[in-house]
>>> print(open('run_3.cif').read())   # mmCIF, C-alpha atoms
data_structure
loop_
_atom_site.group_PDB
_atom_site.id
_atom_site.type_symbol
_atom_site.label_atom_id
_atom_site.label_comp_id
_atom_site.auth_asym_id
_atom_site.auth_seq_id
_atom_site.Cartn_x
_atom_site.Cartn_y
_atom_site.Cartn_z
ATOM 1 C CA MET A 18 19.187 9.975 -5.636
ATOM 2 C CA MET A 19 19.410 8.237 -9.020
ATOM 3 C CA ASN A 20 22.855 6.865 -8.158
ATOM 4 C CA LYS A 21 21.496 5.426 -4.894
ATOM 5 C CA LEU A 22 18.521 3.931 -6.682
ATOM 6 C CA GLN A 23 20.770 2.285 -9.239
ATOM 7 C CA GLU A 24 22.981 0.833 -6.499
ATOM 8 C CA THR A 25 19.912 -0.691 -4.865
ATOM 9 C CA VAL A 26 18.623 -2.063 -8.166
ATOM 10 C CA ASP A 27 22.039 -3.539 -9.010
ATOM 11 C CA PHE A 28 22.230 -5.222 -5.588
ATOM 12 C CA LEU A 29 18.754 -6.746 -5.858
ATOM 13 C CA THR A 30 19.373 -7.901 -9.415
ATOM 14 C CA SER A 31 22.582 -9.583 -8.286
ATOM 15 C CA LYS A 32 20.536 -11.513 -5.719
ATOM 16 C CA GLY A 33 18.185 -12.826 -8.396
ATOM 17 C CA LEU A 34 15.340 -10.299 -8.076
ATOM 18 C CA ILE A 35 14.939 -9.842 -11.818
ATOM 19 C CA ASN A 36 12.032 -8.212 -13.675
ATOM 20 C CA PRO A 37 9.214 -8.562 -11.140
ATOM 21 C CA GLU A 38 5.849 -8.065 -12.830
ATOM 22 C CA ILE A 39 3.870 -7.021 -9.752
ATOM 23 C CA ALA A 40 5.057 -5.070 -6.678
ATOM 24 C CA ILE A 41 3.116 -5.433 -3.424
ATOM 25 C CA VAL A 42 3.233 -3.422 -0.183
ATOM 26 C CA LEU A 43 1.736 -5.188 2.846
ATOM 27 C CA GLY A 44 0.337 -3.178 5.737
ATOM 28 C CA THR A 45 0.007 -3.722 9.474
ATOM 29 C CA GLY A 46 -0.955 -7.289 10.356
ATOM 30 C CA LEU A 47 -1.086 -8.293 6.705
ATOM 31 C CA GLY A 48 2.139 -10.198 6.115
ATOM 32 C CA LYS A 49 0.893 -13.746 5.510
ATOM 33 C CA LEU A 50 0.431 -13.334 1.773
ATOM 34 C CA THR A 51 4.158 -14.089 1.505
ATOM 35 C CA GLU A 52 3.458 -17.650 2.688
ATOM 36 C CA HIS A 53 1.746 -18.253 -0.661
ATOM 37 C CA ILE A 54 4.791 -17.224 -2.727
ATOM 38 C CA SER A 55 6.699 -20.087 -4.332
ATOM 39 C CA ASN A 56 10.447 -20.188 -5.000
ATOM 40 C CA ALA A 57 10.816 -17.267 -2.630
ATOM 41 C CA ILE A 58 13.978 -15.214 -2.162
ATOM 42 C CA SER A 59 13.935 -13.209 1.093
ATOM 43 C CA ILE A 60 16.224 -10.280 1.890
ATOM 44 C CA ASP A 61 16.208 -8.243 5.096
ATOM 45 C CA TYR A 62 15.792 -4.512 4.541
ATOM 46 C CA ALA A 63 18.921 -3.976 6.644
ATOM 47 C CA ASP A 64 20.975 -5.805 3.990
ATOM 48 C CA ILE A 65 19.710 -3.718 1.058
ATOM 49 C CA PRO A 66 21.788 -0.635 0.169
ATOM 50 C CA HIS A 67 19.977 2.642 0.968
ATOM 51 C CA PHE A 68 16.787 0.912 2.172
ATOM 52 C CA PRO A 69 15.224 2.207 5.392
ATOM 53 C CA VAL A 70 14.625 -0.353 8.145
ATOM 54 C CA ALA A 71 11.085 -0.926 9.454
ATOM 55 C CA THR A 72 10.788 -0.119 13.153
ATOM 56 C CA VAL A 73 7.113 -0.936 13.776
ATOM 57 C CA GLU A 74 6.538 -3.990 15.953
ATOM 58 C CA PHE A 75 4.058 -5.547 13.530
ATOM 59 C CA HIS A 76 6.207 -5.084 10.393
ATOM 60 C CA SER A 77 8.868 -7.735 9.778
ATOM 61 C CA GLY A 78 11.098 -5.763 7.386
ATOM 62 C CA LYS A 79 11.757 -8.193 4.543
ATOM 63 C CA LEU A 80 11.697 -7.924 0.768
ATOM 64 C CA ILE A 81 10.413 -11.141 -0.770
ATOM 65 C CA TYR A 82 10.574 -12.159 -4.433
ATOM 66 C CA GLY A 83 9.019 -15.180 -6.069
ATOM 67 C CA THR A 84 5.963 -16.452 -7.936
ATOM 68 C CA LEU A 85 2.329 -15.808 -7.019
ATOM 69 C CA GLY A 86 -0.680 -16.244 -9.272
ATOM 70 C CA GLY A 87 1.615 -17.323 -12.090
ATOM 71 C CA LYS A 88 3.592 -14.077 -12.056
ATOM 72 C CA LYS A 89 6.843 -12.819 -10.605
ATOM 73 C CA VAL A 90 6.129 -10.612 -7.602
ATOM 74 C CA ILE A 91 8.227 -8.501 -5.270
ATOM 75 C CA VAL A 92 6.696 -7.916 -1.853
ATOM 76 C CA MET A 93 7.410 -5.502 0.975
ATOM 77 C CA GLN A 94 6.621 -7.373 4.170
ATOM 78 C CA GLY A 95 6.542 -4.241 6.314
ATOM 79 C CA ARG A 96 6.460 -0.610 5.184
ATOM 80 C CA PHE A 97 7.742 2.738 6.453
ATOM 81 C CA HIS A 98 5.766 5.596 8.030
ATOM 82 C CA LEU A 99 6.234 9.275 8.733
ATOM 83 C CA TYR A 100 5.639 8.664 12.428
ATOM 84 C CA GLU A 101 8.766 6.491 12.557
ATOM 85 C CA GLY A 102 10.815 9.560 11.744
ATOM 86 C CA TYR A 103 11.441 8.804 8.082
ATOM 87 C CA SER A 104 11.158 11.406 5.358
ATOM 88 C CA LEU A 105 8.636 11.062 2.561
ATOM 89 C CA GLU A 106 11.563 10.420 0.228
ATOM 90 C CA GLN A 107 12.676 7.463 2.355
ATOM 91 C CA ILE A 108 9.145 6.102 2.703
ATOM 92 C CA THR A 109 8.685 5.984 -1.059
ATOM 93 C CA TYR A 110 12.214 4.894 -1.968
ATOM 94 C CA PRO A 111 11.179 1.235 -2.481
ATOM 95 C CA ILE A 112 8.427 2.219 -4.923
ATOM 96 C CA ARG A 113 10.983 3.937 -7.135
ATOM 97 C CA VAL A 114 13.179 0.858 -6.909
ATOM 98 C CA PHE A 115 10.286 -1.365 -8.009
ATOM 99 C CA LYS A 116 9.674 0.792 -11.057
ATOM 100 C CA LEU A 117 13.349 0.636 -12.015
ATOM 101 C CA LEU A 118 13.204 -3.148 -11.605
ATOM 102 C CA ASN A 119 10.476 -3.042 -14.303
ATOM 103 C CA ALA A 120 7.412 -3.741 -12.153
ATOM 104 C CA LYS A 121 4.236 -3.159 -14.183
ATOM 105 C CA ALA A 122 1.711 -2.639 -11.372
ATOM 106 C CA LEU A 123 1.632 -1.856 -7.642
ATOM 107 C CA LEU A 124 -0.778 -3.416 -5.122
ATOM 108 C CA VAL A 125 -0.959 -1.833 -1.658
ATOM 109 C CA SER A 126 -2.710 -2.877 1.544
ATOM 110 C CA ASN A 127 -3.188 -1.164 4.886
ATOM 111 C CA ALA A 128 -5.126 -1.352 8.121
ATOM 112 C CA ALA A 129 -7.483 1.582 8.606
ATOM 113 C CA GLY A 130 -10.300 2.902 10.776
ATOM 114 C CA ALA A 131 -13.807 3.152 9.339
ATOM 115 C CA ILE A 132 -15.115 6.736 9.274
ATOM 116 C CA ASN A 133 -18.117 5.667 7.208
ATOM 117 C CA LEU A 134 -20.201 3.856 9.811
ATOM 118 C CA ASP A 135 -21.947 1.820 7.123
ATOM 119 C CA PHE A 136 -18.612 -0.004 6.890
ATOM 120 C CA LYS A 137 -17.915 -2.515 9.653
ATOM 121 C CA LYS A 138 -14.877 -3.950 11.403
ATOM 122 C CA GLY A 139 -13.370 -6.760 9.384
ATOM 123 C CA ASN A 140 -14.667 -5.418 6.044
ATOM 124 C CA LEU A 141 -12.387 -4.516 3.153
ATOM 125 C CA MET A 142 -12.449 -1.146 1.380
ATOM 126 C CA LEU A 143 -11.102 -0.585 -2.102
ATOM 127 C CA ILE A 144 -9.608 2.899 -2.238
ATOM 128 C CA ASP A 145 -11.043 4.954 -5.090
ATOM 129 C CA ASP A 146 -9.539 8.304 -4.033
ATOM 130 C CA HIS A 147 -7.618 9.788 -1.140
ATOM 131 C CA ILE A 148 -7.015 12.887 0.959
ATOM 132 C CA ASN A 149 -3.416 13.712 1.852
ATOM 133 C CA LEU A 150 -3.278 15.077 5.412
ATOM 134 C CA GLN A 151 0.370 14.245 6.000
ATOM 135 C CA GLY A 152 1.541 17.810 5.494
ATOM 136 C CA GLY A 153 3.897 17.223 2.583
ATOM 137 C CA SER A 154 4.593 15.527 -0.730
ATOM 138 C CA PRO A 155 7.240 12.956 -1.686
ATOM 139 C CA LEU A 156 7.591 14.894 -4.946
ATOM 140 C CA ALA A 157 8.667 18.143 -3.244
ATOM 141 C CA GLY A 158 12.203 19.272 -3.993
ATOM 142 C CA LYS A 159 14.208 18.650 -7.131
ATOM 143 C CA ASN A 160 12.253 16.582 -9.625
ATOM 144 C CA LEU A 161 13.671 13.283 -10.846
ATOM 145 C CA ASP A 162 13.034 14.026 -14.513
ATOM 146 C CA SER A 163 14.082 10.551 -15.605
ATOM 147 C CA LEU A 164 11.278 9.058 -13.488
ATOM 148 C CA GLY A 165 8.408 11.467 -14.123
ATOM 149 C CA GLU A 166 7.183 14.947 -14.901
ATOM 150 C CA ARG A 167 7.333 17.881 -12.459
ATOM 151 C CA PHE A 168 3.567 18.289 -12.049
ATOM 152 C CA THR A 169 1.918 14.903 -11.604
ATOM 153 C CA ASP A 170 -1.755 14.569 -12.476
ATOM 154 C CA MET A 171 -3.782 13.026 -9.632
ATOM 155 C CA SER A 172 -7.269 13.172 -11.133
ATOM 156 C CA ALA A 173 -7.465 9.366 -11.006
ATOM 157 C CA PRO A 174 -4.682 8.123 -8.720
ATOM 158 C CA TYR A 175 -5.983 4.537 -8.543
ATOM 159 C CA CYS A 176 -6.213 2.450 -11.711
ATOM 160 C CA SER A 177 -9.878 2.280 -12.703
ATOM 161 C CA LYS A 178 -9.334 -0.858 -14.762
ATOM 162 C CA LEU A 179 -7.705 -2.776 -11.897
ATOM 163 C CA ASN A 180 -10.312 -1.467 -9.459
ATOM 164 C CA ALA A 181 -13.090 -2.748 -11.711
ATOM 165 C CA GLN A 182 -11.368 -6.139 -11.888
ATOM 166 C CA LEU A 183 -11.133 -6.292 -8.089
ATOM 167 C CA ILE A 184 -14.804 -5.416 -7.675
ATOM 168 C CA ALA A 185 -15.750 -8.204 -10.078
ATOM 169 C CA ILE A 186 -13.434 -10.680 -8.321
ATOM 170 C CA ALA A 187 -14.877 -9.783 -4.901
ATOM 171 C CA LYS A 188 -18.389 -10.377 -6.220
ATOM 172 C CA GLU A 189 -17.391 -13.767 -7.605
ATOM 173 C CA GLN A 190 -15.722 -14.734 -4.321
ATOM 174 C CA GLY A 191 -18.608 -13.486 -2.173
ATOM 175 C CA THR A 192 -16.364 -10.983 -0.390
ATOM 176 C CA THR A 193 -17.722 -7.685 0.906
ATOM 177 C CA LEU A 194 -15.622 -4.972 -0.767
ATOM 178 C CA HIS A 195 -16.658 -1.403 -0.093
ATOM 179 C CA VAL A 196 -15.356 1.435 -2.265
ATOM 180 C CA GLY A 197 -14.355 4.693 -0.642
ATOM 181 C CA VAL A 198 -12.008 7.559 0.110
ATOM 182 C CA TYR A 199 -8.953 7.067 2.332
ATOM 183 C CA ALA A 200 -7.507 9.895 4.411
ATOM 184 C CA SER A 201 -3.834 9.610 5.330
ATOM 185 C CA VAL A 202 -2.666 11.277 8.549
ATOM 186 C CA VAL A 203 0.741 11.393 10.246
ATOM 187 C CA GLY A 204 0.057 9.504 13.505
ATOM 188 C CA PRO A 205 1.124 7.608 15.510
ATOM 189 C CA GLN A 206 -1.616 8.875 17.840
ATOM 190 C CA LEU A 207 -5.143 7.899 16.952
ATOM 191 C CA GLU A 208 -7.743 10.554 16.180
ATOM 192 C CA THR A 209 -9.870 12.532 18.613
ATOM 193 C CA ARG A 210 -13.666 12.639 18.408
ATOM 194 C CA ALA A 211 -13.483 16.083 16.797
ATOM 195 C CA GLU A 212 -10.965 14.829 14.246
ATOM 196 C CA TYR A 213 -13.206 11.912 13.296
ATOM 197 C CA ARG A 214 -16.073 14.357 12.762
ATOM 198 C CA TYR A 215 -13.794 16.546 10.634
ATOM 199 C CA LEU A 216 -12.682 13.578 8.524
ATOM 200 C CA LYS A 217 -16.298 12.626 7.846
ATOM 201 C CA ILE A 218 -17.174 16.204 6.848
ATOM 202 C CA ILE A 219 -14.331 16.403 4.314
ATOM 203 C CA GLY A 220 -15.387 13.148 2.661
ATOM 204 C CA ALA A 221 -13.213 10.406 4.150
ATOM 205 C CA ASP A 222 -14.592 6.877 4.472
ATOM 206 C CA ALA A 223 -11.510 5.514 6.234
ATOM 207 C CA VAL A 224 -8.382 6.867 7.899
ATOM 208 C CA GLY A 225 -4.852 5.511 8.247
ATOM 209 C CA MET A 226 -1.201 6.507 8.470
ATOM 210 C CA SER A 227 0.260 5.252 5.194
ATOM 211 C CA THR A 228 -0.336 4.472 1.509
ATOM 212 C CA VAL A 229 -0.806 7.967 0.044
ATOM 213 C CA PRO A 230 2.929 8.764 -0.322
ATOM 214 C CA GLU A 231 3.488 5.489 -2.186
ATOM 215 C CA ILE A 232 0.519 6.148 -4.462
ATOM 216 C CA ILE A 233 1.728 9.661 -5.277
ATOM 217 C CA VAL A 234 5.143 8.343 -6.303
ATOM 218 C CA ALA A 235 3.601 5.515 -8.319
ATOM 219 C CA ASN A 236 1.548 8.066 -10.259
ATOM 220 C CA HIS A 237 4.647 10.207 -10.770
ATOM 221 C CA MET A 238 6.294 7.223 -12.489
ATOM 222 C CA HIS A 239 3.148 6.079 -14.346
ATOM 223 C CA LEU A 240 3.083 2.850 -12.349
ATOM 224 C CA PRO A 241 -0.556 1.625 -12.243
ATOM 225 C CA CYS A 242 -1.675 1.048 -8.670
ATOM 226 C CA ILE A 243 -4.530 -0.069 -6.455
ATOM 227 C CA ALA A 244 -4.958 -0.149 -2.677
ATOM 228 C CA ILE A 245 -7.201 -1.984 -0.220
ATOM 229 C CA SER A 246 -7.825 -1.068 3.412
ATOM 230 C CA VAL A 247 -8.670 -3.708 5.994
ATOM 231 C CA LEU A 248 -11.065 -1.900 8.325
ATOM 232 C CA THR A 249 -9.981 -2.784 11.846
ATOM 233 C CA ASP A 250 -12.090 -0.414 13.942
ATOM 234 C CA GLU A 251 -15.227 1.740 13.710
ATOM 235 C CA CYS A 252 -14.575 5.406 14.398
ATOM 236 C CA ASP A 253 -17.874 6.649 15.810
ATOM 237 C CA PRO A 254 -17.231 9.989 17.555
ATOM 238 C CA ASN A 255 -20.517 9.663 19.436
ATOM 239 C CA ASP A 256 -19.543 6.312 20.917
ATOM 240 C CA LEU A 257 -15.758 6.244 20.798
ATOM 241 C CA LYS A 258 -14.015 3.446 22.665
ATOM 242 C CA PRO A 259 -10.312 3.389 23.579
ATOM 243 C CA VAL A 260 -8.284 1.693 20.857
ATOM 244 C CA ASN A 261 -6.725 -1.680 21.597
ATOM 245 C CA ILE A 262 -3.843 -2.268 19.174
ATOM 246 C CA SER A 263 -3.830 -6.011 19.847
ATOM 247 C CA GLU A 264 -7.482 -6.176 18.781
ATOM 248 C CA ILE A 265 -6.669 -4.199 15.618
ATOM 249 C CA ILE A 266 -3.929 -6.668 14.694
ATOM 250 C CA ALA A 267 -6.221 -9.599 15.441
ATOM 251 C CA LEU A 268 -8.928 -8.160 13.168
ATOM 252 C CA ALA A 269 -6.407 -7.565 10.397
ATOM 253 C CA ASN A 270 -5.249 -11.169 10.718
ATOM 254 C CA LYS A 271 -8.832 -12.428 10.594
ATOM 255 C CA ALA A 272 -9.637 -10.456 7.432
ATOM 256 C CA GLU A 273 -6.329 -11.238 5.758
ATOM 257 C CA PRO A 274 -7.413 -14.478 3.992
ATOM 258 C CA GLN A 275 -10.017 -12.468 2.036
ATOM 259 C CA LEU A 276 -7.362 -9.973 1.001
ATOM 260 C CA ILE A 277 -4.994 -12.759 -0.048
ATOM 261 C CA ARG A 278 -7.673 -14.370 -2.225
ATOM 262 C CA LEU A 279 -8.484 -11.030 -3.884
ATOM 263 C CA PHE A 280 -4.850 -10.118 -4.549
ATOM 264 C CA THR A 281 -3.942 -13.586 -5.795
ATOM 265 C CA GLU A 282 -6.814 -13.727 -8.266
ATOM 266 C CA LEU A 283 -6.139 -10.176 -9.447
ATOM 267 C CA ILE A 284 -2.485 -11.030 -10.028
ATOM 268 C CA THR A 285 -3.582 -14.063 -12.030
ATOM 269 C CA GLN A 286 -5.822 -11.906 -14.209
ATOM 270 C CA ILE A 287 -3.581 -8.862 -14.674
ATOM 271 C CA LYS A 288 -2.227 -8.392 -18.162
ATOM 272 C CA THR A 289 1.068 -6.722 -17.357
ATOM 273 C CA THR A 290 1.623 -5.523 -20.902
ATOM 274 C CA GLN A 291 -0.813 -2.696 -20.227
ATOM 275 C CA PRO A 292 -2.681 -3.068 -16.917
ATOM 276 C CA CYS A 293 -4.015 0.489 -16.842
ATOM 277 C CA HIS A 294 -4.064 3.814 -18.623
ATOM 278 C CA ILE A 295 -2.499 6.513 -16.460
#
>>> encode(input="run_3.cif", output="structure tokens")
Amino acid sequence: MMNKLQETVDFLTSKGLINPEIAIVLGTGLGKLTEHISNAISIDYADIPHFPVATVEFHSGKLIYGTLGGKKVIVMQGRFHLYEGYSLEQITYPIRVFKLLNAKALLVSNAAGAINLDFKKGNLMLIDDHINLQGGSPLAGKNLDSLGERFTDMSAPYCSKLNAQLIAIAKEQGTTLHVGVYASVVGPQLETRAEYRYLKIIGADAVGMSTVPEIIVANHMHLPCIAISVLTDECDPNDLKPVNISEIIALANKAEPQLIRLFTELITQIKTTQPCHI
């Protein structure tokens, strides 16, 4: 694994992707942040050694490097999911690469369904904690001792300092930003009424099919991280409507400008010398 990681890092460095300060993973329908990056270098995943290739229709599959908010950023425009047939090791491979490229913080976005019915379609939710329902861990198997310890503490998986900054930024910008718990499931099927009831009982405020593996690996490597869900549907088991994926993408697109403003201002404010204590 370490040899593969180094080959990927060497390739990206040779293409000019040097010392990014902030790494960003963009979720379903949330790719337009890259339009705000200046002096961008774009590389298709297919051209990067050992990188998986995104297969989801709404994920473009490009790694983009440039300047945003006055800092060097590296952005995944399209991520990988268990339901595509990838392993947890493959899904989180880019996060390990970002750490080895010297990224100082990780920002993640996703589209999710609202379990908490006080949260509405089109709202944003800052993830404060999560529930892993994907049936495995990207840290299972032989530990990469050079990247992190065997038993990773997850008592505070999301950087409290960065979360507090985002809450303050949202208030200043007049953006509704809920705070809640994200449950990550395998998918690709959506949940049944009984499953939505179960998720509410166990404490989930939103549900999606990503993010948690990346956050686990970031914590393993002591890479400070935050994550925001764009809530694209309301999961009311007592009044459950069939899901329309086109509507979900449209809602994500509509909410995306708020997310871009939040991320851009946070990037501007982040002090990458020590963004968080984890």
>>> resolve_selection(input="run_3.cif", expression="the PyMOL selection byres ((chain A and resi 173) around 10)", output="VMD selection string")
chain A and resid 145 to 147 170 to 172 174 to 177 236 295
>>> residues_near_point(input="run_3.cif", point="(-4.8, 13.5, 5.2)", cutoff="6 Å", atoms="all atoms listed in the file", output="MDAnalysis selection string")
chainID A and resid 148:151 200:202
>>> write_last_selection(input="run_3.cif", atoms="C-alpha atoms", output="mmCIF file, in the frame of the given file")
data_model
loop_
_atom_site.group_PDB
_atom_site.id
_atom_site.type_symbol
_atom_site.label_atom_id
_atom_site.label_comp_id
_atom_site.auth_asym_id
_atom_site.auth_seq_id
_atom_site.Cartn_x
_atom_site.Cartn_y
_atom_site.Cartn_z
ATOM 1 C CA ILE A 148 -7.015 12.887 0.959
ATOM 2 C CA ASN A 149 -3.416 13.712 1.852
ATOM 3 C CA LEU A 150 -3.278 15.077 5.412
ATOM 4 C CA GLN A 151 0.370 14.245 6.000
ATOM 5 C CA ALA A 200 -7.507 9.895 4.411
ATOM 6 C CA SER A 201 -3.834 9.610 5.330
ATOM 7 C CA VAL A 202 -2.666 11.277 8.549
#
>>> atom_distance(input="run_3.cif", atom1="atom CA of A:Ile35", atom2="atom CA of A:Tyr62")
17.2 Å
>>> atom_distance(input="run_3.cif", atom1="atom CA of A:Thr109", atom2="atom CA of A:Ala157")
12.4 Å
>>> closest_atom_pairs(input="run_3.cif", of="stretch 222-259 of chain A", to="stretch 117-135 of chain A", cutoff="9 Å", atoms="only C-alpha atoms", output="Markdown table")
| residue | atom | partner | partner_atom | distance |
| --- | --- | --- | --- | --- |
| A:Asp222 | CA | A:Asn133 | CA | 4.6 |
| A:Ala223 | CA | A:Ala131 | CA | 4.5 |
| A:Val224 | CA | A:Gly130 | CA | 5.3 |
| A:Gly225 | CA | A:Ala129 | CA | 4.7 |
| A:Met226 | CA | A:Ala129 | CA | 8.0 |
| A:Ser227 | CA | A:Asn127 | CA | 7.3 |
| A:Thr228 | CA | A:Val125 | CA | 7.1 |
| A:Glu231 | CA | A:Val125 | CA | 8.6 |
| A:Ile232 | CA | A:Val125 | CA | 8.6 |
| A:Ala235 | CA | A:Leu123 | CA | 7.7 |
| A:Leu240 | CA | A:Ala122 | CA | 5.7 |
| A:Pro241 | CA | A:Ala122 | CA | 4.9 |
| A:Cys242 | CA | A:Leu123 | CA | 4.5 |
| A:Ile243 | CA | A:Leu124 | CA | 5.2 |
| A:Ala244 | CA | A:Val125 | CA | 4.5 |
| A:Ile245 | CA | A:Ser126 | CA | 4.9 |
| A:Ser246 | CA | A:Asn127 | CA | 4.9 |
| A:Val247 | CA | A:Ala128 | CA | 4.8 |
| A:Leu248 | CA | A:Ala129 | CA | 5.0 |
| A:Thr249 | CA | A:Gly130 | CA | 5.8 |
| A:Asp250 | CA | A:Gly130 | CA | 4.9 |
| A:Glu251 | CA | A:Ala131 | CA | 4.8 |
| A:Cys252 | CA | A:Ile132 | CA | 5.3 |
| A:Asp253 | CA | A:Leu134 | CA | 7.0 |
>>> resolve_selection(input="run_3.cif", expression="the PyMOL selection byres ((chain A and resi 108) around 9)", output="NGL selection string")
:A and (69 or 96-99 or 103-107 or 109-112 or 155 or 230-231)
>>> resolve_selection(input="run_3.cif", expression="the PyMOL selection byres ((chain A and resi 45) around 8)", output="list of chain:residue names")
A:Leu43, A:Gly44, A:Gly46, A:Leu47, A:Gly48, A:Phe75, A:His76, A:Gly95, A:Asn127, A:Ala128, A:Ile266, A:Ala269
>>> closest_residue(input="run_3.cif", among="A:Thr30, A:Leu283, A:Val70, A:Ala211", to="A:Asn255", atoms="all atoms listed in the file")
A:Ala211
>>> residues_around(input="run_3.cif", residues="A:Ile60", least_positions_apart="3", cutoff="9 Å", atoms="all atoms listed in the file", output="list of chain:residue names")
A:Leu29, A:Lys32, A:Ala63, A:Asp64, A:Ile65, A:Gly78, A:Lys79, A:Leu80, A:Ile81, A:Tyr82
>>> atom_distance(input="run_3.cif", atom1="atom CA of A:Ile184", atom2="atom CA of A:Cys293")
15.3 Å
>>> build_atoms(input="run_3.cif", residues="stretch 97-113 of chain A", atoms="N, CA and C atoms", output="CSV table (one decimal), in the frame of the given file")
chain,number,residue,atom,x,y,z
A,97,PHE,N,7.2,1.6,5.7
A,97,PHE,CA,7.7,2.7,6.5
A,97,PHE,C,6.7,3.8,6.6
A,98,HIS,N,6.8,4.6,7.7
A,98,HIS,CA,5.8,5.6,8.0
A,98,HIS,C,6.4,6.9,8.5
A,99,LEU,N,5.7,8.0,8.2
A,99,LEU,CA,6.2,9.3,8.7
A,99,LEU,C,6.4,9.3,10.2
A,100,TYR,N,5.5,8.6,11.0
A,100,TYR,CA,5.6,8.7,12.4
A,100,TYR,C,6.9,7.9,13.0
A,101,GLU,N,7.5,7.1,12.1
A,101,GLU,CA,8.8,6.5,12.6
A,101,GLU,C,10.0,7.4,12.5
A,102,GLY,N,9.7,8.6,11.9
A,102,GLY,CA,10.8,9.6,11.7
A,102,GLY,C,11.4,9.6,10.4
A,103,TYR,N,10.9,8.8,9.4
A,103,TYR,CA,11.4,8.8,8.1
A,103,TYR,C,10.9,10.0,7.3
A,104,SER,N,11.6,10.4,6.3
A,104,SER,CA,11.2,11.4,5.4
A,104,SER,C,10.3,10.8,4.3
A,105,LEU,N,9.5,11.6,3.6
A,105,LEU,CA,8.6,11.1,2.6
A,105,LEU,C,9.5,10.5,1.4
A,106,GLU,N,10.7,11.0,1.2
A,106,GLU,CA,11.6,10.4,0.2
A,106,GLU,C,12.0,9.0,0.6
A,107,GLN,N,12.3,8.8,1.9
A,107,GLN,CA,12.7,7.5,2.4
A,107,GLN,C,11.5,6.5,2.3
A,108,ILE,N,10.3,7.0,2.7
A,108,ILE,CA,9.1,6.1,2.7
A,108,ILE,C,8.8,5.6,1.3
A,109,THR,N,9.0,6.4,0.3
A,109,THR,CA,8.7,6.0,-1.1
A,109,THR,C,9.9,5.5,-1.9
A,110,TYR,N,11.0,5.4,-1.3
A,110,TYR,CA,12.2,4.9,-2.0
A,110,TYR,C,12.0,3.5,-2.6
A,111,PRO,N,11.4,2.6,-1.9
A,111,PRO,CA,11.2,1.2,-2.5
A,111,PRO,C,10.3,1.3,-3.7
A,112,ILE,N,9.3,2.2,-3.8
A,112,ILE,CA,8.4,2.2,-4.9
A,112,ILE,C,9.2,2.6,-6.2
A,113,ARG,N,10.1,3.5,-6.0
A,113,ARG,CA,11.0,3.9,-7.1
A,113,ARG,C,11.9,2.8,-7.6
